[in-house]
>>> print(open('run-v4.txt').read())   # compact mmCIF, C-alpha atoms
# COMPACT_ATOMS: atom_id res chain seq x y z
CA MET A 247 103.61 87.22 77.77
CA ASN A 248 103.07 86.41 81.43
CA LEU A 249 102.52 89.49 83.57
CA VAL A 250 102.54 88.52 87.24
CA LEU A 251 101.57 90.87 90.06
CA GLU A 252 102.91 90.68 93.59
CA SER A 253 100.72 88.22 95.51
CA SER A 254 98.73 90.66 97.67
CA TRP A 255 97.95 92.85 94.66
CA ASN A 256 97.13 89.79 92.58
CA GLU A 257 94.50 88.85 95.14
CA LYS A 258 92.98 92.33 95.24
CA LEU A 259 92.99 92.84 91.47
CA SER A 260 92.21 89.33 90.26
CA GLY A 261 88.99 90.51 88.63
CA GLU A 262 90.84 93.12 86.59
CA LEU A 263 93.46 90.62 85.48
CA LYS A 264 90.72 88.34 84.14
CA ALA A 265 88.75 91.11 82.40
CA PRO A 266 88.53 91.16 78.58
CA TYR A 267 90.07 94.64 78.39
CA PHE A 268 93.15 93.41 80.24
CA ALA A 269 93.66 90.53 77.82
CA GLU A 270 93.55 93.04 74.95
CA LEU A 271 95.96 95.30 76.82
CA VAL A 272 98.43 92.45 77.29
CA GLN A 273 98.31 91.69 73.58
CA PHE A 274 99.03 95.33 72.76
CA VAL A 275 101.90 95.55 75.24
CA GLU A 276 103.40 92.25 74.10
CA LYS A 277 103.41 93.42 70.49
CA SER A 278 104.99 96.72 71.52
CA TYR A 279 107.86 94.98 73.29
CA GLN A 280 108.39 92.77 70.25
CA THR A 281 108.34 95.55 67.64
CA THR A 282 109.58 98.79 69.24
CA ALA A 283 111.76 99.97 72.10
CA THR A 284 109.33 99.99 75.03
CA TYR A 285 109.89 101.19 78.59
CA PRO A 286 110.31 100.19 81.31
CA ASP A 287 111.94 96.79 80.73
CA VAL A 288 109.27 94.13 80.89
CA ASP A 289 110.63 92.69 84.13
CA ALA A 290 110.14 96.10 85.79
CA LEU A 291 106.63 96.70 84.49
CA PHE A 292 104.93 95.89 87.81
CA ARG A 293 107.83 97.00 90.00
CA ALA A 294 105.73 99.55 91.91
CA PHE A 295 103.53 96.71 93.17
CA GLU A 296 106.49 94.46 93.96
CA MET A 297 108.21 97.15 96.00
CA THR A 298 105.05 98.28 97.83
CA PRO A 299 102.65 95.42 98.63
CA PHE A 300 99.01 96.27 99.25
CA LYS A 301 99.15 96.23 103.04
CA ALA A 302 102.27 98.41 103.06
CA VAL A 303 100.76 101.36 101.16
CA LYS A 304 100.69 104.56 103.21
CA VAL A 305 101.22 107.13 100.45
CA VAL A 306 100.50 107.17 96.70
CA ILE A 307 102.37 109.44 94.28
CA LEU A 308 100.63 109.30 90.92
CA GLY A 309 102.47 109.96 87.68
CA GLN A 310 101.21 109.83 84.11
CA ASP A 311 103.58 107.95 81.77
CA PRO A 312 106.94 106.26 82.34
CA TYR A 313 109.95 108.19 81.09
CA HIS A 314 110.33 107.56 77.35
CA GLY A 315 114.11 107.89 77.04
CA GLU A 316 116.52 104.97 77.05
CA GLY A 317 117.70 103.95 80.51
CA GLN A 318 115.33 106.19 82.45
CA ALA A 319 112.15 104.28 83.36
CA THR A 320 112.30 101.97 86.36
CA GLY A 321 108.66 101.00 86.88
CA LEU A 322 108.36 103.56 89.68
CA SER A 323 106.77 106.93 88.91
CA PHE A 324 109.26 109.83 88.70
CA SER A 325 112.20 107.54 89.60
CA VAL A 326 115.33 106.96 87.51
CA PRO A 327 118.25 104.56 88.08
CA LYS A 328 121.23 105.65 90.13
CA GLY A 329 123.68 107.64 88.04
CA VAL A 330 121.12 108.71 85.45
CA ARG A 331 120.73 112.44 84.94
CA LEU A 332 117.66 113.75 86.76
CA PRO A 333 114.74 114.62 84.44
CA PRO A 334 113.42 118.18 84.86
CA SER A 335 110.34 117.18 86.89
CA LEU A 336 112.46 115.16 89.31
CA GLN A 337 114.91 118.06 89.64
CA ASN A 338 112.00 120.26 90.70
CA ILE A 339 110.67 117.61 93.10
CA PHE A 340 114.08 117.57 94.78
CA LYS A 341 114.19 121.39 94.88
CA GLU A 342 110.86 121.37 96.72
CA LEU A 343 112.07 118.57 98.98
CA LYS A 344 115.03 120.69 100.07
CA SER A 345 112.90 123.80 100.48
CA ASP A 346 110.18 121.92 102.35
CA ILE A 347 112.10 119.77 104.82
CA GLY A 348 115.77 120.54 104.20
CA ILE A 349 116.73 117.23 102.59
CA GLU A 350 119.17 117.58 99.71
CA ARG A 351 118.92 114.60 97.44
CA THR A 352 120.85 113.95 94.22
CA ASN A 353 120.15 110.25 93.68
CA GLY A 354 117.07 109.82 91.49
CA ASP A 355 116.43 106.20 92.47
CA LEU A 356 113.31 106.39 94.65
CA THR A 357 113.34 102.73 95.66
CA ASP A 358 113.78 103.73 99.30
CA TRP A 359 110.50 105.65 99.15
CA ALA A 360 108.72 102.62 97.72
CA GLN A 361 110.16 100.39 100.44
CA GLN A 362 108.65 102.67 103.09
CA GLY A 363 105.11 102.40 101.73
CA VAL A 364 105.05 105.03 98.98
CA LEU A 365 103.30 103.51 95.96
CA LEU A 366 104.98 105.19 92.98
CA LEU A 367 102.28 104.53 90.42
CA ASN A 368 102.00 105.73 86.84
CA ALA A 369 98.53 105.89 85.33
CA THR A 370 99.96 104.28 82.19
CA LEU A 371 102.57 101.62 82.88
CA THR A 372 104.33 101.40 79.51
CA VAL A 373 105.45 103.77 76.74
CA SER A 374 107.24 103.55 73.40
CA GLU A 375 110.64 105.19 73.10
CA LYS A 376 110.52 108.94 72.41
CA SER A 377 106.72 108.77 72.14
CA PRO A 378 105.10 110.20 75.28
CA GLY A 379 101.48 109.17 75.63
CA SER A 380 101.85 106.40 73.05
CA HIS A 381 100.31 103.75 75.32
CA GLN A 382 97.50 105.86 76.69
CA ASN A 383 93.88 104.78 76.11
CA LYS A 384 94.89 101.15 75.62
CA GLY A 385 93.57 99.91 78.96
CA TRP A 386 96.22 100.87 81.48
CA GLU A 387 94.13 103.74 82.84
CA VAL A 388 91.23 101.37 83.51
CA PHE A 389 93.59 99.09 85.41
CA THR A 390 95.26 101.82 87.46
CA ASP A 391 91.89 103.44 88.21
CA ALA A 392 90.94 100.08 89.70
CA VAL A 393 94.12 100.18 91.79
CA LEU A 394 93.17 103.58 93.20
CA GLN A 395 89.59 102.53 93.86
CA THR A 396 90.73 99.33 95.54
CA LEU A 397 92.99 101.29 97.88
CA SER A 398 90.35 103.93 98.53
CA LEU A 399 87.44 101.62 99.22
CA SER A 400 89.12 98.70 100.98
CA ASP A 401 88.09 98.12 104.58
CA GLU A 402 91.74 97.25 105.22
CA LYS A 403 92.98 100.71 104.24
CA GLU A 404 91.61 103.68 106.20
CA HIS A 405 94.40 106.23 106.08
CA ILE A 406 96.39 106.89 102.89
CA VAL A 407 97.85 110.15 101.64
CA PHE A 408 97.34 110.54 97.89
CA ILE A 409 99.75 113.05 96.33
CA LEU A 410 98.30 114.33 93.07
CA TRP A 411 100.50 116.67 91.02
CA GLY A 412 98.90 118.36 88.03
CA ALA A 413 95.48 118.32 86.40
CA TYR A 414 95.79 114.80 84.99
CA ALA A 415 96.48 113.25 88.40
CA GLN A 416 93.92 115.45 90.12
CA LYS A 417 91.14 114.13 87.91
CA LYS A 418 91.81 110.78 89.56
CA GLY A 419 90.94 112.39 92.86
CA ALA A 420 87.29 111.64 92.11
CA LEU A 421 88.09 107.97 92.81
CA ILE A 422 89.28 108.65 96.35
CA ASP A 423 87.09 108.56 99.45
CA ARG A 424 88.19 111.72 101.23
CA SER A 425 86.31 110.80 104.36
CA LYS A 426 88.92 108.06 104.92
CA HIS A 427 91.97 109.42 103.15
CA VAL A 428 93.77 112.72 102.53
CA VAL A 429 94.61 114.22 99.15
CA VAL A 430 97.61 116.55 98.77
CA GLU A 431 97.29 118.48 95.50
CA SER A 432 99.35 121.04 93.62
CA PRO A 433 100.39 121.92 90.08
CA HIS A 434 102.76 119.47 88.37
CA PRO A 435 106.52 119.70 89.05
CA SER A 436 107.32 120.01 85.33
CA PRO A 437 109.19 123.16 84.20
CA PHE A 438 105.96 124.36 82.58
CA SER A 439 104.01 124.53 85.82
CA ALA A 440 106.32 124.19 88.84
CA ARG A 441 106.35 127.95 89.45
CA LYS A 442 102.56 128.11 89.28
CA GLY A 443 102.13 126.56 92.71
CA PHE A 444 104.21 123.40 92.96
CA PHE A 445 107.10 125.26 94.54
CA GLY A 446 106.05 126.09 98.07
CA SER A 447 103.28 123.46 98.20
CA LYS A 448 105.18 121.47 100.89
CA PRO A 449 103.89 118.00 99.94
CA PHE A 450 106.51 116.16 101.99
CA SER A 451 105.96 117.91 105.30
CA ARG A 452 102.20 117.86 104.78
CA THR A 453 102.28 114.14 104.15
CA ASN A 454 104.37 113.40 107.21
CA ALA A 455 102.20 115.64 109.37
CA GLN A 456 99.17 113.64 108.32
CA LEU A 457 100.92 110.33 108.96
CA ARG A 458 101.84 111.54 112.46
CA LYS A 459 98.23 112.48 113.05
CA TRP A 460 97.26 108.92 112.17
CA ASN A 461 100.02 107.51 114.41
CA GLN A 462 101.87 106.11 111.40
CA THR A 463 105.59 106.14 110.82
CA GLU A 464 106.73 109.15 108.80
CA ILE A 465 108.43 108.73 105.44
CA GLU A 466 112.18 109.35 105.42
CA TRP A 467 112.24 111.31 102.20
>>> encode(input="run-v4.txt", output="structure tokens")
Amino acid sequence: MNLVLESSWNEKLSGELKAPYFAELVQFVEKSYQTTATYPDVDALFRAFEMTPFKAVKVVILGQDPYHGEGQATGLSFSVPKGVRLPPSLQNIFKELKSDIGIERTNGDLTDWAQQGVLLLNATLTVSEKSPGSHQNKGWEVFTDAVLQTLSLSDEKEHIVFILWGAYAQKKGALIDRSKHVVVESPHPSPFSARKGFFGSKPFSRTNAQLRKWNQTEIEW
């Protein structure tokens, strides 16, 4: 199994890709694809990096696992293909988007966000069908922690907005240098917690306000 990162990310993460844990992770993932329905499709596994090269990153939205239902996962956190019914968390994200900045969106394909510099990263990049969390603690979290640290500490990246929804994502906030970057936090948009502070948190307007302050182009959400 040959997992290839986009060239700028490959350069930044070459040490991780050569690490013993990553070789073990690849073996696990390869076996999963061979023996069970695994998402996203293997050719979309590193899609977040392909769509948002290192130098293009302005915003990071961190998810946990890919969607575990057939036809949902795209390799971009929270995104689903065009025409696929919106999962509950994405429905709530779009409700907050409309409330926050007045944009009414029904298409769940977030590729346009990724193309504008929003890294849609899951902490775990693969999952077995109907088994949420099934690929956690296999090495993906070590790899994606390295991604966050690389972005946070790089001399090339001074101003990134990290959007962290829910306790799991917020724990990753310890990896971020807040003297250089800004963290936008709230409860998770899932039905279990959206009404506990996600609704009304205004992540989209807050992000764009910060980008304006840094003289960066706003995201067209």
>>> closest_residue(input="run-v4.txt", among="A:Glu316, A:Asp358, A:Glu262, A:Asp346", to="Met297 of chain A", atoms="only C-alpha atoms")
A:Asp358
>>> closest_residue(input="run-v4.txt", among="A:Gln280, A:Glu431, A:Ser451, A:Glu252", to="Lys418 of chain A", atoms="all atoms listed in the file")
A:Glu431
>>> residues_around(input="run-v4.txt", residues="Glu404 of chain A", least_positions_apart="4", cutoff="8 Å", atoms="all atoms listed in the file", output="list of chain:residue names")
A:Ser398, A:Ser400, A:Lys426, A:His427
>>> atom_distance(input="run-v4.txt", atom1="atom CA of Thr284 of chain A", atom2="atom CA of Lys264 of chain A")
23.8 Å
>>> residues_around(input="run-v4.txt", residues="segment 302-309 of chain A", least_positions_apart="2", cutoff="9 Å", atoms="all atoms listed in the file", output="tab-separated table (two decimals) with C-alpha atoms, keeping the file's coordinate frame")
chain	number	residue	atom	x	y	z
A	298	THR	CA	105.05	98.28	97.83
A	299	PRO	CA	102.65	95.42	98.63
A	300	PHE	CA	99.01	96.27	99.25
A	311	ASP	CA	103.58	107.95	81.77
A	312	PRO	CA	106.94	106.26	82.34
A	322	LEU	CA	108.36	103.56	89.68
A	323	SER	CA	106.77	106.93	88.91
A	324	PHE	CA	109.26	109.83	88.70
A	360	ALA	CA	108.72	102.62	97.72
A	361	GLN	CA	110.16	100.39	100.44
A	362	GLN	CA	108.65	102.67	103.09
A	363	GLY	CA	105.11	102.40	101.73
A	364	VAL	CA	105.05	105.03	98.98
A	365	LEU	CA	103.30	103.51	95.96
A	366	LEU	CA	104.98	105.19	92.98
A	367	LEU	CA	102.28	104.53	90.42
A	368	ASN	CA	102.00	105.73	86.84
A	369	ALA	CA	98.53	105.89	85.33
A	370	THR	CA	99.96	104.28	82.19
A	394	LEU	CA	93.17	103.58	93.20
A	397	LEU	CA	92.99	101.29	97.88
A	403	LYS	CA	92.98	100.71	104.24
A	405	HIS	CA	94.40	106.23	106.08
A	406	ILE	CA	96.39	106.89	102.89
A	407	VAL	CA	97.85	110.15	101.64
A	408	PHE	CA	97.34	110.54	97.89
A	409	ILE	CA	99.75	113.05	96.33
A	410	LEU	CA	98.30	114.33	93.07
A	411	TRP	CA	100.50	116.67	91.02
A	414	TYR	CA	95.79	114.80	84.99
A	415	ALA	CA	96.48	113.25	88.40
A	453	THR	CA	102.28	114.14	104.15
A	457	LEU	CA	100.92	110.33	108.96
A	462	GLN	CA	101.87	106.11	111.40
A	465	ILE	CA	108.43	108.73	105.44
>>> closest_residue(input="run-v4.txt", among="A:Thr282, A:Gly261, A:Gly348, A:Gly412", to="Phe438 of chain A", atoms="only C-alpha atoms")
A:Gly412
>>> closest_residue(input="run-v4.txt", among="A:Met247, A:Ile339, A:Val288, A:Ala440", to="Ala269 of chain A", atoms="all atoms listed in the file")
A:Met247
>>> closest_residue(input="run-v4.txt", among="A:Thr390, A:Glu466, A:Arg351, A:Lys376", to="Asn338 of chain A", atoms="only C-alpha atoms")
A:Arg351
>>> closest_residue(input="run-v4.txt", among="A:Phe292, A:Phe450, A:Phe268, A:Phe389", to="Leu343 of chain A", atoms="only C-alpha atoms")
A:Phe450
>>> atom_distance(input="run-v4.txt", atom1="atom CA of Gln318 of chain A", atom2="atom CA of Glu375 of chain A")
10.5 Å
>>> axis_aligned_box(input="run-v4.txt", around="segment 284-289 of chain A", padding_each_side="5 Å", output="AutoDock Vina command-line options")
--center_x 110.6 --center_y 96.9 --center_z 79.6 --size_x 12.7 --size_y 18.5 --size_z 19.1
>>> atom_distance(input="run-v4.txt", atom1="atom CA of Gly379 of chain A", atom2="atom CA of Ser436 of chain A")
15.7 Å
>>> residues_around(input="run-v4.txt", residues="Leu259 of chain A", least_positions_apart="3", cutoff="9 Å", atoms="only C-alpha atoms", output="PDB file with C-alpha atoms, keeping the file's coordinate frame")
ATOM      1  CA  LEU A 251     101.570  90.870  90.060  1.00  0.00           C
ATOM      2  CA  SER A 254      98.730  90.660  97.670  1.00  0.00           C
ATOM      3  CA  TRP A 255      97.950  92.850  94.660  1.00  0.00           C
ATOM      4  CA  ASN A 256      97.130  89.790  92.580  1.00  0.00           C
ATOM      5  CA  GLU A 262      90.840  93.120  86.590  1.00  0.00           C
ATOM      6  CA  LEU A 263      93.460  90.620  85.480  1.00  0.00           C
ATOM      7  CA  LYS A 264      90.720  88.340  84.140  1.00  0.00           C
ATOM      8  CA  PHE A 389      93.590  99.090  85.410  1.00  0.00           C
ATOM      9  CA  ALA A 392      90.940 100.080  89.700  1.00  0.00           C
ATOM     10  CA  VAL A 393      94.120 100.180  91.790  1.00  0.00           C
ATOM     11  CA  THR A 396      90.730  99.330  95.540  1.00  0.00           C
TER      12      THR A 396
END
>>> residues_around(input="run-v4.txt", residues="Phe444 of chain A", least_positions_apart="2", cutoff="7 Å", atoms="only C-alpha atoms", output="list of chain:residue names")
A:Ser432, A:Pro433, A:His434, A:Pro435, A:Ala440, A:Arg441, A:Lys442, A:Gly446, A:Ser447
>>> decode(input="run-v4.txt", residues="segment 327-464 of chain A", atoms="C-alpha atoms", output="short mmCIF file (atom, residue, chain, number, x, y, z; two decimals), in the first residue's frame")
data_model
loop_
_atom_site.label_atom_id
_atom_site.label_comp_id
_atom_site.auth_asym_id
_atom_site.auth_seq_id
_atom_site.Cartn_x
_atom_site.Cartn_y
_atom_site.Cartn_z
CA PRO A 327 -20.41 14.23 -1.33
CA LYS A 328 -22.94 16.33 -3.22
CA GLY A 329 -26.40 14.81 -3.03
CA VAL A 330 -25.73 12.86 0.16
CA ARG A 331 -28.06 13.57 3.06
CA LEU A 332 -26.42 15.90 5.58
CA PRO A 333 -25.32 14.16 8.80
CA PRO A 334 -26.70 15.76 11.99
CA SER A 335 -23.47 17.57 12.91
CA LEU A 336 -23.20 19.10 9.44
CA GLN A 337 -26.86 20.15 9.59
CA ASN A 338 -26.07 22.03 12.80
CA ILE A 339 -22.91 23.57 11.30
CA PHE A 340 -25.04 24.92 8.46
CA LYS A 341 -27.68 26.21 10.91
CA GLU A 342 -24.96 28.16 12.72
CA LEU A 343 -23.55 29.35 9.39
CA LYS A 344 -26.91 30.85 8.47
CA SER A 345 -27.41 32.36 11.92
CA ASP A 346 -23.87 33.71 12.04
CA ILE A 347 -23.36 35.26 8.61
CA GLY A 348 -26.62 34.67 6.75
CA ILE A 349 -25.36 32.05 4.30
CA GLU A 350 -27.85 29.27 3.61
CA ARG A 351 -26.05 26.20 2.40
CA THR A 352 -27.55 22.82 1.50
CA ASN A 353 -24.65 21.20 -0.35
CA GLY A 354 -22.53 19.19 2.09
CA ASP A 355 -19.45 19.03 -0.15
CA LEU A 356 -16.97 21.36 1.56
CA THR A 357 -14.34 21.17 -1.18
CA ASP A 358 -14.71 24.90 -1.79
CA TRP A 359 -13.67 25.58 1.80
CA ALA A 360 -10.60 23.39 1.40
CA GLN A 361 -9.65 25.18 -1.82
CA GLN A 362 -9.65 28.50 0.04
CA GLY A 363 -7.17 27.35 2.67
CA VAL A 364 -9.37 25.58 5.22
CA LEU A 365 -7.62 22.36 6.22
CA LEU A 366 -10.48 19.95 6.98
CA LEU A 367 -8.53 17.49 9.10
CA ASN A 368 -9.76 14.49 11.05
CA ALA A 369 -7.64 13.33 13.97
CA THR A 370 -8.12 9.75 12.74
CA LEU A 371 -8.08 9.41 8.97
CA THR A 372 -9.79 6.03 8.51
CA VAL A 373 -12.66 4.07 10.06
CA SER A 374 -14.38 0.72 9.57
CA GLU A 375 -17.98 0.73 8.38
CA LYS A 376 -20.54 1.26 11.16
CA SER A 377 -17.75 1.20 13.75
CA PRO A 378 -17.00 4.73 14.99
CA GLY A 379 -13.65 4.97 16.72
CA SER A 380 -12.50 1.63 15.31
CA HIS A 381 -9.22 3.06 13.99
CA GLN A 382 -8.38 5.20 16.98
CA ASN A 383 -5.16 4.55 18.93
CA LYS A 384 -3.51 2.88 15.93
CA GLY A 385 -1.15 5.74 15.13
CA TRP A 386 -3.26 8.26 13.25
CA GLU A 387 -3.47 10.58 16.25
CA VAL A 388 0.33 10.67 16.50
CA PHE A 389 0.50 11.60 12.83
CA THR A 390 -2.18 14.29 12.95
CA ASP A 391 -0.73 15.73 16.17
CA ALA A 392 2.48 16.14 14.18
CA VAL A 393 0.49 17.96 11.48
CA LEU A 394 -0.88 20.41 14.04
CA GLN A 395 2.52 20.94 15.64
CA THR A 396 4.15 21.47 12.25
CA LEU A 397 1.62 24.15 11.37
CA SER A 398 1.83 25.76 14.79
CA LEU A 399 5.61 25.88 15.09
CA SER A 400 6.67 26.53 11.50
CA ASP A 401 8.43 29.82 10.86
CA GLU A 402 6.50 29.92 7.57
CA LYS A 403 3.11 30.00 9.29
CA GLU A 404 2.43 32.87 11.70
CA HIS A 405 -1.31 33.36 11.50
CA ILE A 406 -3.73 30.42 11.42
CA VAL A 407 -7.21 30.17 12.92
CA PHE A 408 -7.75 26.77 14.54
CA ILE A 409 -11.44 25.91 14.96
CA LEU A 410 -11.83 23.32 17.70
CA TRP A 411 -15.34 21.97 18.29
CA GLY A 412 -15.86 19.76 21.33
CA ALA A 413 -13.66 18.43 24.11
CA TYR A 414 -11.75 15.98 21.92
CA ALA A 415 -10.61 18.67 19.49
CA GLN A 416 -9.96 21.16 22.28
CA LYS A 417 -7.45 18.83 23.92
CA LYS A 418 -5.39 19.30 20.77
CA GLY A 419 -5.28 22.99 21.56
CA ALA A 420 -2.29 22.28 23.79
CA LEU A 421 -0.27 21.74 20.60
CA ILE A 422 -0.96 25.24 19.28
CA ASP A 423 1.21 28.29 19.90
CA ARG A 424 -1.40 30.89 20.78
CA SER A 425 1.11 33.70 20.63
CA LYS A 426 1.18 33.20 16.84
CA HIS A 427 -2.23 31.75 16.10
CA VAL A 428 -5.85 32.07 17.23
CA VAL A 429 -8.06 29.28 18.55
CA VAL A 430 -11.84 29.45 18.14
CA GLU A 431 -13.48 26.98 20.52
CA SER A 432 -17.02 25.87 21.31
CA PRO A 433 -18.97 22.72 22.12
CA HIS A 434 -19.32 20.18 19.30
CA PRO A 435 -22.05 20.65 16.67
CA SER A 436 -23.48 17.17 17.31
CA PRO A 437 -27.14 16.96 18.42
CA PHE A 438 -25.92 16.02 21.90
CA SER A 439 -24.07 19.26 22.51
CA ALA A 440 -24.97 21.87 19.87
CA ARG A 441 -27.43 23.62 22.20
CA LYS A 442 -24.85 23.76 24.97
CA GLY A 443 -22.90 26.55 23.31
CA PHE A 444 -22.21 25.67 19.69
CA PHE A 445 -25.26 27.55 18.50
CA GLY A 446 -24.46 31.23 18.85
CA SER A 447 -20.67 30.71 18.97
CA LYS A 448 -20.23 32.51 15.61
CA PRO A 449 -17.12 30.62 14.43
CA PHE A 450 -17.41 31.81 10.84
CA SER A 451 -17.63 35.54 11.50
CA ARG A 452 -14.98 35.27 14.22
CA THR A 453 -12.64 33.50 11.84
CA ASN A 454 -13.11 36.03 9.08
CA ALA A 455 -12.69 38.92 11.50
CA GLN A 456 -9.35 37.50 12.55
CA LEU A 457 -8.26 36.96 8.94
CA ARG A 458 -9.13 40.59 8.18
CA LYS A 459 -7.07 41.68 11.16
CA TRP A 460 -4.13 39.79 9.69
CA ASN A 461 -4.77 41.29 6.23
CA GLN A 462 -5.67 37.89 4.81
CA THR A 463 -8.46 37.11 2.41
CA GLU A 464 -11.66 36.06 4.17
#
